[in-house]
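**Q** Attaching a single structure in structure tokens format; questions to follow.
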Amino acid sequence: EKEQMLDDHSVLRNQSLFSLYKTPKYSGEDENRRRSLELNMRSDAEQKVLQIIAESKLIHEERIELEVQWFFRQLGIDSFYFRGMKPRKIAKHIMALYAAKMLSATSSERSLSLRLHQEKQTGAIYIVPSVPTQRKDNPSEALEFRIEREYLQEGYQKPRKDLCKGKKFRVQVFRTTGNVSESSSTKLRLFFVQQSKFPEESVDIAEPIDLNKIGDSRYVEAASDRFQKDLITVLSDAQNQLGPSVKVIELKDSDTGMSEIRVVVAYRHGTTHSFFSGITSLYHYYGLHSNRKYIEQYSNGLCSFSLYLYKGLKAKNEKTLLELGNAVAKDASLIYVLPRTSLSNLFREEKLNAQEVTYAYAVWKFAHQFFSAIGDEKDPSHSSDSKTQGIISKVSSNIKREMMTEARVKEVLFANVPIIKALYADFEAKFLPGGADYVDKAEEIQSLITRTAVSDLDMKILSCMCKFNRYILKTNFYKPGKIAISFRLSPNFLQNSAFFSRVPYAIFFVVGAEFRGFHVRFVDVARGGIRIIRSSNPAAFAINVSSLFEENYNLALTQQRKNKDIPEGGSKGTILLSADHQDKALVAFKKYVDALLDLLLPGPEIRDYLGTEELLFLGPDEGTADYMNWASQHAKERKYRFWKAFTTGKSREFGGIPHDYYGMTTRSIHQYVLGVLEKKGLNESAMRKFQTGGPDGDLGSNEIKISKDKTIAIVDGSGVLYDPEGIERGELLRLAEARQMTNHFDTSKLSPAGYYVSVQDHDVTLPDGTKVDSGMLFRNTFHLQGKFLFGTDLFVPCGGRPAAVNSTNVHHLWDEEKKAPMFKYIVEGANLFFTQDARLELEKWGVVLFKDASANKGGVTSSSLEVLAALSFTDEEFNEHMQVRGETVPPFYKEYVCEVHRIIEGHARSEFDCLWNEHVASGTPLSILSDLVSEKINQLNDDIVKSSLWENKSLRERVISAAVPQNLISLLGKETILTRVPESYLKAIFGAHLACNFVYTHGLHSGEFGFFEFMQSYLVPSS
């Protein structure tokens, strides 16, 4: 009997952990024994608690028994509490509750002031009043914020305490069935946090769902068969998609007849934040409350939320409980996309619904980015002095942008909620799938803005918001399963902007839980990298967020100029990580790409006002080089027909031609260096060189490997490496091969005058006696340090932030005493390291400078030819000829890489010669000539594409034969390529090849006759 009692006690403990998942499997005598056992256990604990409280003398002896009995028998606390709590802790909780009730009865504040917290590294217990109708200062909400941050590791901010220790936790939340006293209607909410225990610590997410492998054993044992079946369905869906899976199940208690619903949500842990608190706000909005909630984390990386909901007094009574549950399920994806933002209070206070507050977030970010650009239109009355007017307009726009903070725009949004609701209603009418024909309400809303705005500035901000709907062509806002929200914008709202010199062809705008971003392209067929923008501190984030679109635009425009001699025009994408999510680059990238694919693969859930198919080609850039494989395969999984060409810079096993592995970008840059040396009659080994971007990066490492100069200084992410005698090249090559930063350099190989200063150093004295207070500041400004760099021959920036040298600091590169510049020759590897005005100033001082748009184009040429191969091959051929298996390189692939090298070096040298000859002939600065050459080629390309030249079949075939790598033609045949490659891409090849070759050979000033003469070689077959 004793052994049987012990077995029963063990079973009871396991069952009580999840008593609300299923009814314990007892009947007859077993059930009676179970109940008797539980009563005996509670009775023993109750007696001990009575004794402890009596000994404390903190509650009047006449009240002790009543308070204890109420707590144990009337309050309705889940049995899990009593199983895991020692009598002394229960006694403390009863005394705390009693004190809170006394305080509430004797004060003007009628709410129960009770906060019981116990936190450990293995779990936590929290007990607070349950007030689901309270929107402000809700104690449960504050706890949800804390639990999701400290234990679930999915808070809006990083954990403040090291409680989690990298472990996984499970959460159970119960609401008492009884009130805290006869005279009070207040109930308690209890939160139990436990460290998860898995049979297997790590299971691959791709494996079929087996709860016995991936779930906490206590939870799996307690869950009913029906619940497990529903849960496996939801987890399996989440396993096979990036976003959340949601299921609503209607439940009915056969004994009481009471109805409730179970909402089960599952997703990949770590792919959003604040979902715990966000989903609570969502069901509260619909007037639903929860009796219990369960959060589970699994060893395969998934997590689930099981919410048991019922209708509260404020529920939308015209709808059934199931209808309200389905509304919660529908909006759950919006909570996943944007769970907690600065606008969430508008939702919690029921001023905006879930759709409206999500839309408001997007329009808020749009207005902040484009207020200055939209508000500053070109003034035709100043056309006579367009240059001066342009400078004034740009200065004015910069000032306005710096003054127009996100906080100021948000202030206007909060003060004009009715206008936001009107804008959303207009947006919904335009984009809700299956809706009636859209009737534009812009004028009506603008009239409302005019009548209600309290100032001119508020009116301009609201008017900017009003433009958002007008210029959206399609959006995934109403698409189920989205993981970020994307908008394809018509760029025409920039038509009259003084801030942007050229209107792009297309703009994509994407927002997600951890980021916001853009994608800009200047022609239909375009390609460019996707850049992750990180911020080291709040000040850096404020700068980055204010200039996000401008940076994206300038990068894309530079890419357009750089891409002049390849089929694709210029594009660029940016992903700005939120200040509190700097570690979520991969998560943000996946959401960004998936949201773009939503708009490239429109279905019935997307109302498309563009009406034409779009091609996007994405490449690697800062922070995304390792993500290209995933993006390509994800496009394949989503059945994007151009998946092979969707990304470039993939690894060799996925058919990519990695820029860093084959040094593609550096091959172009180095041709300019060799060109300068040749024209000046210089020996490379005698050149003293300074380089930004270290041996860990693509450009930095390959520049070290390809060059033969005397490098005196390298600046990278870790610090500054300097040796006036020349940094030992063997050690540099070792770092370049290992792709390690300069902090791994063996400093014993430096000369006595050499040094390494880390960004983490403080109060350092250099060999010459110079004091360095901050290693970080020293690194950031080293390129301006004339003391160490004057007399350097060559500067090759291979890394660094945009505008590192600009009009305000370029004077540091001039030695007034010697009347000489810091550097004689500059070949820009890094994009936008110099501003144009700084370049012109340097050239005025006699510096020979080749800008990024000309020098740094090897990578884009390689990527273009990678795209061409992907478009030409079938899936089977691509697998055979372009995908490297281990060390086995297909013969075609090896030959193709050599062809790519040849084409890169040929284009680079052709443009170098063109620029040099034009500069010698006219004296025009190389920085201006670079733009003029790009503009000339791009304009001629546009004219060729618009002409009837393409219709000449013989000409078309000759040009394509000359432009396409010969081994690709030999393998597939010209006709096959012409058949398989999209015509838009073939036209782009045709135009780019003719335009760049004409300008490179005939210069900037050759007219129509020169072009006619040039075309003869293609029109008339050679003998």
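If you're wondering about the labels, chains in the structure tokens are A, B, ... by order shown, residues count from 1 in each chain, ligands from 1 in order shown.
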Name the residues of segment 567-808 of chain A that come out as alpha helix (DSSP H) in a backbone DSSP run; write them as an MDAnalysis selection string.

**A** chainID A and resid 585:600 628:637 643:646 659:662 664:680 698:706 729:738 775:781 786:789

**Q** Quick one: which segment 930-1010 of chain A residues come within 8 Å of segment 869-879 of chain A, and what is the nearest atom pair for each with the distance in Å to one decimal, counting only C-alpha atoms, rows ordered by chain and ascending number, as JSON lines?

**A**
{"residue": "A:Leu968", "atom": "CA", "partner": "A:Ala869", "partner_atom": "CA", "distance": 7.6}
{"residue": "A:Thr976", "atom": "CA", "partner": "A:Ser872", "partner_atom": "CA", "distance": 7.8}
{"residue": "A:Ile977", "atom": "CA", "partner": "A:Ser872", "partner_atom": "CA", "distance": 5.6}
{"residue": "A:Arg980", "atom": "CA", "partner": "A:Ser872", "partner_atom": "CA", "distance": 5.8}
{"residue": "A:Val981", "atom": "CA", "partner": "A:Leu871", "partner_atom": "CA", "distance": 5.5}
{"residue": "A:Pro982", "atom": "CA", "partner": "A:Leu871", "partner_atom": "CA", "distance": 7.8}

**Q** According to DSSP computed on the backbone, where in segment 541-723 of chain A is there strand (DSSP E)? Give the residues as a list in words.

**A**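 Checking each residue of segment 541-723 of chain A, the strand (DSSP E) ones are Gly569, Gly570, Ser571, Lys572, Gly573, Thr574, Ile575, Leu576, Leu577, Phe617, Leu618, Gly619, Pro620, Arg688, Lys689, Phe690, Gln691, Thr692, Lys710, Thr711, Ile712, Ala713, Ile714, Val715, Gly719, Val720, Leu721 and Tyr722 of chain A.
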
**Q** Please determine, counting only C-alpha atoms, which residue among A:Gly528, A:Gly730, A:Gly619, A:Pro339 has the shortest atom-to-atom distance to Ile279 of chain A.

**A**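 Ranked by minimum distance to Ile279 of chain A, first place goes to A:Pro339.
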
**Q** With distances taken over only C-alpha atoms, which residue among A:Leu733, A:Ile461, A:Val889, A:Leu448 lies nearest Val409 of chain A?

**A**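 Residue with the minimum atom-to-atom distance to Val409 of chain A: A:Ile461.
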
**Q** Using only C-alpha atoms for the distances, tell me which of A:Ile125, A:Ile485, A:Leu302, A:Ala332 is nearest to Ala362 of chain A.

**A**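 Looking at the shortest contact to Ala362 of chain A, the residue is A:Ile485.
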
**Q** Enter the distance from atom CA of Arg115 of chain A to atom CA of Ile261 of chain A, in Å, rounded to one decimal.

**A**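 Distance reported for this atom pair: 29.1 Å.
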
**Q** Give me, as a PyMOL selection string, all polymer residues having an atom no more than 9 Å from Val999 of chain A, counting only C-alpha atoms and skipping those fewer than 6 positions away in the same chain.

**A** chain A and resi 911+914+933+936-937+940+1005-1006

**Q** The selected residues should be written to file as a PDB file, in the first residue's frame (atoms: C-alpha atoms).

**A**
ATOM      1  CA  GLU A 911      37.509  52.551 -69.353  1.00  0.00           C
ATOM      2  CA  CYS A 914      39.117  56.311 -72.168  1.00  0.00           C
ATOM      3  CA  VAL A 933      31.312  58.444 -69.389  1.00  0.00           C
ATOM      4  CA  LYS A 936      27.045  58.861 -72.074  1.00  0.00           C
ATOM      5  CA  ILE A 937      26.999  55.052 -72.056  1.00  0.00           C
ATOM      6  CA  LEU A 940      23.295  55.693 -75.568  1.00  0.00           C
ATOM      7  CA  HIS A1005      32.526  63.659 -78.210  1.00  0.00           C
ATOM      8  CA  SER A1006      32.092  61.362 -81.197  1.00  0.00           C
TER       9      SER A1006
END

**Q** Pick out the residues sitting within 7 Å of Phe850 of chain A, and hand them over as number ranges by chain; count only C-alpha atoms, and ignore anything fewer than 6 positions along from it in its own chain.

**A** A: 826-828, 926-927

**Q** Please, what distance in Å, to one decimal, runs between atom CA of His519 of chain A and atom CA of Asn552 of chain A?

**A** 7.4 Å

**Q** Give me, as a PyMOL selection string, all polymer residues having an atom no more than 10 Å from Lys168 of chain A, counting only C-alpha atoms and skipping those fewer than 5 positions away in the same chain.

**A** chain A and resi 122+151-153+194-198+296-299+301+303

**Q** How about saving the chosen residues, all heavy atoms kept, as a tab-separated table (two decimals), in the first residue's frame?

**A**
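And here is the file that came out, result.tsv:
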chain	number	residue	atom	x	y	z
A	122	THR	N	16.65	28.71	-12.81
A	122	THR	CA	15.90	27.53	-13.26
A	122	THR	C	14.42	27.83	-13.48
A	122	THR	O	13.68	26.95	-13.92
A	122	THR	CB	16.03	26.40	-12.24
A	122	THR	OG1	15.61	26.89	-10.95
A	122	THR	CG2	17.46	25.92	-12.16
A	151	TYR	N	13.38	35.36	-19.93
A	151	TYR	CA	13.38	33.90	-20.03
A	151	TYR	C	13.13	33.38	-21.45
A	151	TYR	O	13.77	32.43	-21.88
A	151	TYR	CB	12.33	33.30	-19.08
A	151	TYR	CG	12.72	33.41	-17.63
A	151	TYR	CD1	12.17	34.40	-16.81
A	151	TYR	CD2	13.66	32.54	-17.07
A	151	TYR	CE1	12.53	34.50	-15.47
A	151	TYR	CE2	14.03	32.64	-15.73
A	151	TYR	CZ	13.46	33.63	-14.94
A	151	TYR	OH	13.83	33.74	-13.62
A	152	LEU	N	12.21	33.99	-22.16
A	152	LEU	CA	11.92	33.52	-23.51
A	152	LEU	C	12.93	34.05	-24.52
A	152	LEU	O	12.99	33.57	-25.66
A	152	LEU	CB	10.51	33.94	-23.93
A	152	LEU	CG	9.37	33.37	-23.09
A	152	LEU	CD1	8.03	33.85	-23.61
A	152	LEU	CD2	9.41	31.85	-23.07
A	153	GLN	N	13.71	35.05	-24.12
A	153	GLN	CA	14.75	35.63	-24.99
A	153	GLN	C	14.16	36.19	-26.28
A	153	GLN	O	14.76	36.11	-27.34
A	153	GLN	CB	15.81	34.57	-25.32
A	153	GLN	CG	16.49	33.97	-24.11
A	153	GLN	CD	17.47	34.92	-23.44
A	153	GLN	OE1	18.57	35.12	-23.93
A	153	GLN	NE2	17.08	35.50	-22.33
A	194	GLN	N	9.47	27.55	-16.06
A	194	GLN	CA	10.32	26.39	-15.76
A	194	GLN	C	11.33	26.19	-16.87
A	194	GLN	O	11.03	26.42	-18.05
A	194	GLN	CB	9.47	25.11	-15.67
A	194	GLN	CG	8.57	25.01	-14.47
A	194	GLN	CD	7.81	23.71	-14.53
A	194	GLN	OE1	7.10	23.44	-15.49
A	194	GLN	NE2	7.97	22.87	-13.51
A	195	GLN	N	12.51	25.72	-16.47
A	195	GLN	CA	13.49	25.35	-17.48
A	195	GLN	C	13.03	24.06	-18.16
A	195	GLN	O	12.61	23.11	-17.51
A	195	GLN	CB	14.86	25.14	-16.84
A	195	GLN	CG	15.97	24.89	-17.83
A	195	GLN	CD	17.33	24.82	-17.16
A	195	GLN	OE1	17.63	25.61	-16.26
A	195	GLN	NE2	18.14	23.87	-17.56
A	196	SER	N	13.11	24.05	-19.48
A	196	SER	CA	12.65	22.88	-20.24
A	196	SER	C	13.63	21.73	-20.10
A	196	SER	O	14.84	21.92	-19.97
A	196	SER	CB	12.50	23.25	-21.72
A	196	SER	OG	11.55	24.28	-21.88
A	197	LYS	N	13.08	20.51	-20.14
A	197	LYS	CA	13.89	19.30	-20.10
A	197	LYS	C	13.56	18.47	-21.33
A	197	LYS	O	12.41	18.05	-21.52
A	197	LYS	CB	13.59	18.50	-18.83
A	197	LYS	CG	13.95	19.24	-17.55
A	197	LYS	CD	13.60	18.43	-16.32
A	197	LYS	CE	13.97	19.18	-15.03
A	197	LYS	NZ	13.61	18.40	-13.83
A	198	PHE	N	14.57	18.27	-22.18
A	198	PHE	CA	14.34	17.57	-23.45
A	198	PHE	C	15.02	16.20	-23.44
A	198	PHE	O	16.13	16.06	-22.90
A	198	PHE	CB	14.90	18.38	-24.62
A	198	PHE	CG	14.31	19.75	-24.76
A	198	PHE	CD1	15.11	20.88	-24.69
A	198	PHE	CD2	12.95	19.94	-24.95
A	198	PHE	CE1	14.58	22.15	-24.81
A	198	PHE	CE2	12.41	21.20	-25.07
A	198	PHE	CZ	13.22	22.31	-24.99
A	296	GLU	N	5.57	26.89	-24.94
A	296	GLU	CA	6.57	25.83	-24.98
A	296	GLU	C	7.66	26.16	-25.98
A	296	GLU	O	7.37	26.69	-27.06
A	296	GLU	CB	5.93	24.49	-25.37
A	296	GLU	CG	4.98	23.92	-24.35
A	296	GLU	CD	5.68	23.46	-23.07
A	296	GLU	OE1	6.87	23.10	-23.14
A	296	GLU	OE2	5.03	23.48	-22.01
A	297	GLN	N	8.89	25.86	-25.61
A	297	GLN	CA	10.00	25.93	-26.55
A	297	GLN	C	10.49	24.50	-26.79
A	297	GLN	O	10.45	23.67	-25.88
A	297	GLN	CB	11.13	26.80	-26.00
A	297	GLN	CG	10.74	28.25	-25.84
A	297	GLN	CD	11.90	29.13	-25.40
A	297	GLN	OE1	12.97	28.64	-25.06
A	297	GLN	NE2	11.68	30.43	-25.42
A	298	TYR	N	10.91	24.24	-28.03
A	298	TYR	CA	11.26	22.88	-28.42
A	298	TYR	C	12.73	22.80	-28.81
A	298	TYR	O	13.34	23.80	-29.22
A	298	TYR	CB	10.37	22.42	-29.58
A	298	TYR	CG	8.90	22.50	-29.26
A	298	TYR	CD1	8.17	23.66	-29.54
A	298	TYR	CD2	8.25	21.44	-28.64
A	298	TYR	CE1	6.83	23.75	-29.21
A	298	TYR	CE2	6.90	21.52	-28.31
A	298	TYR	CZ	6.20	22.68	-28.61
A	298	TYR	OH	4.87	22.77	-28.27
A	299	SER	N	13.27	21.60	-28.72
A	299	SER	CA	14.70	21.44	-28.96
A	299	SER	C	15.08	21.60	-30.43
A	299	SER	O	16.25	21.71	-30.75
A	299	SER	CB	15.16	20.06	-28.47
A	299	SER	OG	14.50	19.02	-29.18
A	301	GLY	N	14.09	24.22	-32.23
A	301	GLY	CA	14.08	25.64	-32.55
A	301	GLY	C	12.71	26.25	-32.73
A	301	GLY	O	12.60	27.47	-32.93
A	303	CYS	N	8.72	27.14	-31.31
A	303	CYS	CA	8.04	27.45	-30.05
A	303	CYS	C	6.54	27.52	-30.33
A	303	CYS	O	6.12	27.71	-31.47
A	303	CYS	CB	8.55	28.76	-29.44
A	303	CYS	SG	8.24	30.23	-30.44

**Q** Residues within 10 Å of Met741 of chain A, please, as a list in words. Count only C-alpha atoms; anything in the same chain fewer than 5 positions from it doesn't count.

**A**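 Near Met741 of chain A, the qualifying residues are Gly693, Gly694, Pro695, Asp696, Gly697, Gly700, Ser701, Ile714, Val715, Asp716, Gly717, Ser718, Gly719, Leu721, Leu732, Leu735 and Ala736 of chain A.
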
**Q** Go ahead and write the residues just picked, N, CA, C and O atoms, as a JSON list (two decimals), in the first residue's frame.

**A**
[["chain", "number", "residue", "atom", "x", "y", "z"],
["A", 693, "GLY", "N", 40.16, 48.94, -44.81],
["A", 693, "GLY", "CA", 39.60, 47.62, -45.11],
["A", 693, "GLY", "C", 40.69, 46.60, -44.94],
["A", 693, "GLY", "O", 41.70, 46.62, -45.64],
["A", 694, "GLY", "N", 40.53, 45.71, -43.96],
["A", 694, "GLY", "CA", 41.63, 44.83, -43.58],
["A", 694, "GLY", "C", 41.66, 43.49, -44.28],
["A", 694, "GLY", "O", 40.85, 43.21, -45.18],
["A", 695, "PRO", "N", 42.58, 42.64, -43.86],
["A", 695, "PRO", "CA", 42.76, 41.33, -44.49],
["A", 695, "PRO", "C", 41.62, 40.35, -44.24],
["A", 695, "PRO", "O", 41.63, 39.25, -44.78],
["A", 696, "ASP", "N", 40.65, 40.73, -43.42],
["A", 696, "ASP", "CA", 39.50, 39.85, -43.17],
["A", 696, "ASP", "C", 38.42, 40.01, -44.23],
["A", 696, "ASP", "O", 37.55, 39.14, -44.37],
["A", 697, "GLY", "N", 38.44, 41.10, -44.98],
["A", 697, "GLY", "CA", 37.38, 41.37, -45.94],
["A", 697, "GLY", "C", 37.72, 40.95, -47.35],
["A", 697, "GLY", "O", 38.86, 40.60, -47.67],
["A", 700, "GLY", "N", 39.86, 43.93, -49.05],
["A", 700, "GLY", "CA", 41.11, 44.10, -48.32],
["A", 700, "GLY", "C", 42.05, 42.92, -48.49],
["A", 700, "GLY", "O", 43.25, 43.08, -48.76],
["A", 701, "SER", "N", 41.53, 41.71, -48.34],
["A", 701, "SER", "CA", 42.39, 40.53, -48.45],
["A", 701, "SER", "C", 42.91, 40.35, -49.86],
["A", 701, "SER", "O", 44.10, 40.06, -50.06],
["A", 714, "ILE", "N", 47.23, 49.97, -42.47],
["A", 714, "ILE", "CA", 45.94, 49.35, -42.74],
["A", 714, "ILE", "C", 45.01, 49.68, -41.58],
["A", 714, "ILE", "O", 45.37, 49.50, -40.41],
["A", 715, "VAL", "N", 43.81, 50.14, -41.93],
["A", 715, "VAL", "CA", 42.77, 50.40, -40.94],
["A", 715, "VAL", "C", 41.64, 49.41, -41.19],
["A", 715, "VAL", "O", 41.16, 49.28, -42.32],
["A", 716, "ASP", "N", 41.22, 48.69, -40.14],
["A", 716, "ASP", "CA", 40.10, 47.77, -40.29],
["A", 716, "ASP", "C", 39.21, 47.83, -39.06],
["A", 716, "ASP", "O", 39.36, 48.71, -38.22],
["A", 717, "GLY", "N", 38.31, 46.88, -38.95],
["A", 717, "GLY", "CA", 37.36, 46.91, -37.85],
["A", 717, "GLY", "C", 37.98, 46.78, -36.49],
["A", 717, "GLY", "O", 37.40, 47.19, -35.48],
["A", 718, "SER", "N", 39.18, 46.19, -36.42],
["A", 718, "SER", "CA", 39.80, 45.96, -35.12],
["A", 718, "SER", "C", 40.68, 47.11, -34.66],
["A", 718, "SER", "O", 40.92, 47.27, -33.46],
["A", 719, "GLY", "N", 41.20, 47.92, -35.61],
["A", 719, "GLY", "CA", 42.08, 49.01, -35.20],
["A", 719, "GLY", "C", 42.97, 49.49, -36.33],
["A", 719, "GLY", "O", 42.61, 49.42, -37.51],
["A", 721, "LEU", "N", 46.92, 49.34, -37.99],
["A", 721, "LEU", "CA", 48.24, 48.71, -38.08],
["A", 721, "LEU", "C", 49.11, 49.63, -38.92],
["A", 721, "LEU", "O", 48.75, 49.97, -40.05],
["A", 732, "LEU", "N", 51.27, 39.82, -43.59],
["A", 732, "LEU", "CA", 50.01, 40.31, -44.17],
["A", 732, "LEU", "C", 49.35, 39.24, -45.03],
["A", 732, "LEU", "O", 48.13, 39.05, -44.97],
["A", 735, "LEU", "N", 47.56, 36.70, -42.92],
["A", 735, "LEU", "CA", 46.25, 37.17, -42.45],
["A", 735, "LEU", "C", 45.23, 37.17, -43.58],
["A", 735, "LEU", "O", 44.06, 36.82, -43.39],
["A", 736, "ALA", "N", 45.68, 37.57, -44.77],
["A", 736, "ALA", "CA", 44.77, 37.63, -45.92],
["A", 736, "ALA", "C", 44.27, 36.24, -46.29],
["A", 736, "ALA", "O", 43.08, 36.06, -46.62]]

**Q** Pick out the residues sitting within 12 Å of Leu548 of chain A, and hand them over as a VMD selection string; count only C-alpha atoms, and ignore anything fewer than 2 positions along from it in its own chain.

**A** chain A and resid 365 to 366 368 to 370 401 509 515 to 520 531 to 535 540 to 546 550 to 555 572 to 577 802

**Q** Here is a test: counting only C-alpha atoms, which residue of A:Ala45, A:Ala373, A:Leu251, A:Leu190 is nearest to Asp78 of chain A?

**A**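 Answer, going by the shortest atom-to-atom distance: A:Leu190.
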
**Q** Considering only C-alpha atoms, state which residue in the set A:Ala625, A:Pro87, A:Ile249, A:Ile209 is at the smallest distance from Thr233 of chain A.

**A** A:Ile209

**Q** Can you tell me how far atom CA of Ile657 of chain A sits from atom CA of Met882 of chain A, in Å to one decimal?

**A** 8.9 Å
